Structures are given as structure tokens and as C-alpha cells.
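Structure file start23.tsv (TSV, C-alpha atoms) follows.
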chain	number	residue	atom	x	y	z
A	1	MET	CA	101.66	13.11	46.69
A	2	LEU	CA	101.63	16.75	47.72
A	3	ASN	CA	98.97	16.78	50.45
A	4	CYS	CA	100.29	18.68	53.50
A	5	PHE	CA	98.82	15.97	55.71
A	6	VAL	CA	101.78	13.71	54.88
A	7	ASN	CA	103.86	15.81	57.30
A	8	LEU	CA	101.75	14.53	60.18
A	9	ASP	CA	101.99	10.94	58.93
A	10	GLU	CA	105.78	11.27	58.84
A	11	SER	CA	105.81	12.56	62.43
A	12	VAL	CA	103.62	9.62	63.51
A	13	ARG	CA	106.01	7.22	61.79
A	14	ARG	CA	109.05	8.72	63.55
A	15	HIS	CA	107.58	9.58	66.97
A	16	PRO	CA	104.33	7.62	67.48
A	17	HIS	CA	104.25	7.86	71.29
A	18	GLU	CA	105.78	11.30	71.78
A	19	VAL	CA	103.62	14.24	72.78
A	20	ALA	CA	102.47	16.20	69.73
A	21	LEU	CA	100.09	18.70	71.34
A	22	VAL	CA	99.61	20.23	74.75
A	23	SER	CA	96.65	22.43	75.63
A	24	GLY	CA	96.16	23.12	79.32
A	25	ASP	CA	96.00	19.73	81.01
A	26	ASN	CA	95.31	17.92	77.72
A	27	GLN	CA	98.04	16.15	75.79
A	28	LEU	CA	97.94	14.11	72.60
A	29	THR	CA	100.63	11.86	71.19
A	30	TYR	CA	101.24	11.90	67.46
A	31	THR	CA	99.30	8.65	67.11
A	32	GLN	CA	96.34	10.00	69.09
A	33	LEU	CA	96.40	13.19	67.02
A	34	ARG	CA	96.29	11.23	63.76
A	35	CYS	CA	93.38	9.11	65.03
A	36	MET	CA	91.38	12.24	65.91
A	37	VAL	CA	92.26	13.84	62.58
A	38	ASN	CA	91.06	10.73	60.75
A	39	GLN	CA	87.79	10.68	62.69
A	40	CYS	CA	87.23	14.36	61.84
A	41	ALA	CA	88.14	13.81	58.20
A	42	ASN	CA	85.63	10.95	57.98
A	43	GLY	CA	83.02	13.16	59.65
A	44	LEU	CA	83.69	15.92	57.11
A	45	LYS	CA	83.29	13.45	54.25
A	46	GLN	CA	80.06	12.14	55.77
A	47	ARG	CA	78.73	15.72	55.79
A	48	GLY	CA	79.47	16.01	52.06
A	49	ILE	CA	82.79	17.85	52.12
A	50	LYS	CA	84.86	17.14	49.01
A	51	GLN	CA	88.26	18.02	47.64
A	52	GLY	CA	88.49	21.75	46.92
A	53	ASP	CA	85.60	22.76	49.21
A	54	ARG	CA	86.34	25.71	51.46
A	55	ILE	CA	85.85	25.44	55.21
A	56	VAL	CA	85.94	28.54	57.41
A	57	LEU	CA	87.55	27.72	60.77
A	58	ALA	CA	87.02	30.14	63.67
A	59	CYS	CA	88.82	28.57	66.62
A	60	PRO	CA	91.32	29.73	69.25
A	61	ASN	CA	94.49	27.84	70.11
A	62	CYS	CA	93.18	24.59	71.53
A	63	ILE	CA	93.41	20.90	70.61
A	64	ALA	CA	90.49	21.21	68.19
A	65	PHE	CA	92.30	23.70	65.93
A	66	PRO	CA	95.16	21.47	64.68
A	67	VAL	CA	92.87	18.43	64.60
A	68	LEU	CA	90.42	20.22	62.31
A	69	TYR	CA	93.16	21.94	60.30
A	70	TYR	CA	94.79	18.61	59.43
A	71	ALA	CA	91.41	16.91	58.85
A	72	ILE	CA	90.42	19.58	56.35
A	73	LEU	CA	93.75	19.17	54.55
A	74	LYS	CA	93.45	15.38	54.63
A	75	VAL	CA	90.20	15.42	52.65
A	76	GLY	CA	91.74	17.87	50.18
A	77	ALA	CA	89.51	20.75	51.26
A	78	VAL	CA	90.73	24.31	51.83
A	79	VAL	CA	91.25	25.70	55.34
A	80	VAL	CA	90.09	29.31	55.82
A	81	PRO	CA	91.19	30.25	59.36
A	82	ILE	CA	89.65	33.50	60.58
A	83	ASN	CA	90.15	35.84	63.51
A	84	ILE	CA	88.36	34.61	66.64
A	85	LEU	CA	87.20	38.15	67.36
A	86	SER	CA	85.19	38.25	64.14
A	87	VAL	CA	81.55	39.31	64.42
A	88	GLU	CA	78.56	38.14	62.39
A	89	ASN	CA	78.92	40.48	59.40
A	90	GLU	CA	82.64	39.72	59.08
A	91	ILE	CA	81.96	35.98	59.15
A	92	VAL	CA	79.28	36.42	56.46
A	93	TYR	CA	81.91	38.22	54.37
A	94	TYR	CA	84.41	35.33	54.75
A	95	LEU	CA	81.78	32.73	53.92
A	96	GLU	CA	80.63	34.61	50.82
A	97	GLN	CA	84.10	35.57	49.57
A	98	THR	CA	85.35	31.99	49.74
A	99	ASP	CA	82.09	30.27	48.77
A	100	ALA	CA	82.56	28.17	51.92
A	101	LYS	CA	80.58	24.95	52.24
A	102	MET	CA	81.12	24.69	55.99
A	103	LEU	CA	81.70	26.93	58.99
A	104	ILE	CA	83.29	25.56	62.14
A	105	SER	CA	83.30	27.90	65.13
A	106	PHE	CA	84.19	27.82	68.79
A	107	GLN	CA	81.81	28.85	71.56
A	108	ASN	CA	82.66	30.00	75.06
A	109	ALA	CA	79.49	31.84	76.12
A	110	ASP	CA	80.23	35.32	77.43
A	111	GLN	CA	84.01	35.31	76.95
A	112	LEU	CA	83.93	34.43	73.26
A	113	PRO	CA	80.46	34.52	71.61
A	114	LEU	CA	82.00	33.41	68.31
A	115	GLY	CA	79.68	30.42	68.13
A	116	ASP	CA	76.62	32.66	68.27
A	117	TYR	CA	78.02	35.00	65.62
A	118	GLY	CA	79.00	32.03	63.49
A	119	TYR	CA	75.61	30.36	63.67
A	120	GLN	CA	73.86	33.61	62.76
A	121	ALA	CA	76.26	34.14	59.83
A	122	TYR	CA	75.82	30.53	58.66
A	123	GLN	CA	72.05	31.02	58.55
A	124	ARG	CA	72.49	34.07	56.28
A	125	VAL	CA	74.68	32.39	53.63
A	126	ASP	CA	72.86	29.89	51.42
A	127	SER	CA	76.01	28.37	49.92
A	128	CYS	CA	77.25	27.34	53.38
A	129	SER	CA	75.47	24.04	53.98
A	130	ASN	CA	77.13	22.89	57.22
A	131	TYR	CA	77.76	24.40	60.64
A	132	ILE	CA	79.87	22.68	63.30
A	133	LEU	CA	80.17	24.04	66.84
A	134	ILE	CA	83.25	23.46	68.99
A	135	ARG	CA	81.95	23.63	72.54
A	136	ASP	CA	84.22	24.72	75.36
A	137	PRO	CA	83.86	21.93	77.95
A	138	SER	CA	83.28	24.54	80.66
A	139	ASN	CA	80.37	26.07	78.71
A	140	PRO	CA	77.04	24.79	80.08
A	141	ILE	CA	75.00	26.23	77.19
A	142	MET	CA	73.68	23.55	74.86
A	143	PRO	CA	73.61	24.31	71.13
A	144	ALA	CA	70.44	24.45	69.04
A	145	GLU	CA	69.05	21.05	68.06
A	146	ASP	CA	70.12	21.38	64.42
A	147	VAL	CA	73.75	22.10	65.35
A	148	VAL	CA	76.39	19.39	65.02
A	149	THR	CA	79.17	19.63	67.60
A	150	PHE	CA	82.86	18.86	67.16
A	151	ALA	CA	82.36	15.73	69.27
A	152	GLY	CA	79.35	14.79	67.14
A	153	LEU	CA	81.40	15.21	63.96
A	154	MET	CA	83.85	12.57	65.22
A	155	HIS	CA	81.31	10.30	66.93
A	156	GLU	CA	81.53	6.68	65.74
A	157	GLN	CA	83.91	7.61	62.90
A	158	SER	CA	86.74	5.29	61.93
A	159	ILE	CA	90.29	6.09	63.00
A	160	LEU	CA	91.38	5.11	59.48
A	161	CYS	CA	90.99	7.47	56.53
A	162	ASP	CA	92.50	7.78	53.08
A	163	VAL	CA	94.34	10.99	52.27
A	164	ALA	CA	93.21	13.00	49.24
A	165	ILE	CA	95.78	13.26	46.48
A	166	THR	CA	96.36	16.91	45.74
A	167	GLN	CA	98.33	18.69	43.04
A	168	ALA	CA	101.07	21.33	43.32
A	169	ASP	CA	98.69	24.09	42.22
A	170	ASP	CA	95.78	23.11	44.51
A	171	ILE	CA	94.91	25.61	47.21
A	172	ALA	CA	95.44	24.37	50.77
A	173	VAL	CA	94.81	27.51	52.86
A	174	ILE	CA	93.22	30.93	52.31
A	175	ILE	CA	94.31	33.50	54.88
A	176	PHE	CA	92.59	36.85	55.37
A	177	THR	CA	94.78	39.52	56.93
A	178	SER	CA	93.93	42.92	58.33
Represent the structure contained in this file as C-alpha cells.
Amino acid sequence: MLNCFVNLDESVRRHPHEVALVSGDNQLTYTQLRCMVNQCANGLKQRGIKQGDRIVLACPNCIAFPVLYYAILKVGAVVVPINILSVENEIVYYLEQTDAKMLISFQNADQLPLGDYGYQAYQRVDSCSNYILIRDPSNPIMPAEDVVTFAGLMHEQSILCDVAITQADDIAVIIFTS
């Protein structure tokens, strides 16, 4: 098996109770990280994401980024991380160039209006059928009714999930550089 997710499984096997991630006051052990990744992966599958689908991920360095990154890899989809300072037209470009099926973006109101730009871009690209919003806990603004949040993606999902079997020539990540 060549899926990059196996690296996380190996870390869980060796260090299940050690801290894997720290973001501000939040910490996750390797076991907790894998559980969240599995919930996200199951949520992605439930939303129709399949092996080979491209998912644009617009997220700063926070707990959600590695959770989503690994979840996307676990289902065999392709991670397309983009610059968090991207504006609507740039996001449209990334979605169209990669034929992305999903956009996941972070929102922090005035400081980082990426969620607004992302939602507007998502609405302009027909091939992108899913939009997920990562809400900053300090952001009081509620998303539109048709928007699924990061928490909603994981809600009531199993902490168990099979890993997609990928091949040596399968794409795992597409990176745009400036």
C-alpha cells in the first residue's frame, strides 16, 4: 500500500498517547488525530468524494489543516492546498484548473475573509459540488444555511475508516506556487 496516510497510522502505533499537534491551547494526541481524520474522511465519502477527486484546501496553520489533509489522502483524493490570501478570482482559477469537486476554506471575518471569497468562487464553478467552511471559534458570524461546516462534516461520523489503496503513480498533492 502506498497511501501517505499509513505514515500517520505508524505514528499512532508507536506513540498513541503522545502529543501530535499543538495549536494555541489545543493539543491532540496521535490517537485523537487519527480519530478526527477518520471522521473527516467518512464525512468526505458521505458527500460523494471518491479516489482521485481534487479538493482545494484554503486553511491557515491550525488543527483543521492536518486533519483535513490526512483525511483527503485517506480517501485517496488529491489535496490542493492554496494560499490563504487568495481572493475570489484566484480561487476560481484553482477550482477550474484542477477540476476540484470540493472547496474547503477557513473563515475569520475581517482578519481573513477567505471563507467569503471561497463561497463566492464555489458558486461560480459548476464542477465544484461541495463547499465546507472551517469556522474560527472566535468568529460570531454564522454561515449561510446551505453551507456545511468543518464540525458538521465530522458530526456523527465513525472514528473508524478504511484507507484507500493508491498506486505509485497516483497523484496525492497538487501545489500551486507563485
List the spatial neighbours of Glu96 in chain A as a list in words - criterion: any atom at most 12 Å away, only C-alpha atoms, same-chain residues fewer than 3 positions off excluded.
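Close residues of Glu96 in chain A: Arg54, Ile55, Val56, Val80, Asn89, Glu90, Ile91, Val92, Tyr93, Asp99, Ala100, Lys101, Met102, Leu103, Ala121, Tyr122, Arg124, Val125, Asp126, Ser127 and Cys128 of chain A.
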With distances taken over all atoms listed in the file, which residue among A:Leu114, A:Leu44, A:Ile82, A:Val19 lies nearest Gln32 in chain A?
A:Val19
Ranking A:Ile72, A:Met36, A:Val22, A:Leu8 by minimum distance to Ser158 in chain A and counting all atoms listed in the file, which one comes first?
A:Met36
Can you tell me how far CA of Gly115 in chain A sits from CA of Cys62 in chain A, in Å to one decimal?
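Value for the CA of Gly115 in chain A-CA of Cys62 in chain A distance: 15.1 Å.
Taking CA of Ala151 in chain A and CA of Lys45 in chain A as the two end points, the separation is 15.2 Å.
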In Å, rounded to a single decimal, give me how far CA of Ala64 in chain A is from CA of Gln157 in chain A.
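Between these atoms lies a distance of 16.0 Å.
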I'd like the neighbourhood of Ala77 in chain A as number ranges by chain, where a residue qualifies if any of its atoms comes within 12 Å (using all atoms listed in the file), though same-chain residues fewer than 5 positions away should be ignored.
A: 3-5, 41, 44-45, 48-57, 68-72, 100-102, 163-166, 170-174
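The closest residue to Tyr119 in chain A, picked from A:Gln97, A:Asn38, A:Ser105, A:Asn7 and counting only C-alpha atoms, is A:Ser105.
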Do a neighbour search on Ile134 in chain A at 6 Å with only C-alpha atoms, toss out local chain neighbours closer than 2 positions, and write the hits as JSON, numbers by chain.
{"A": [105, 106, 149, 150]}
In terms of only C-alpha atoms, the residue from A:Ala58, A:Leu112, A:Ala168, A:Val78 at minimal distance from Asp136 in chain A is A:Leu112
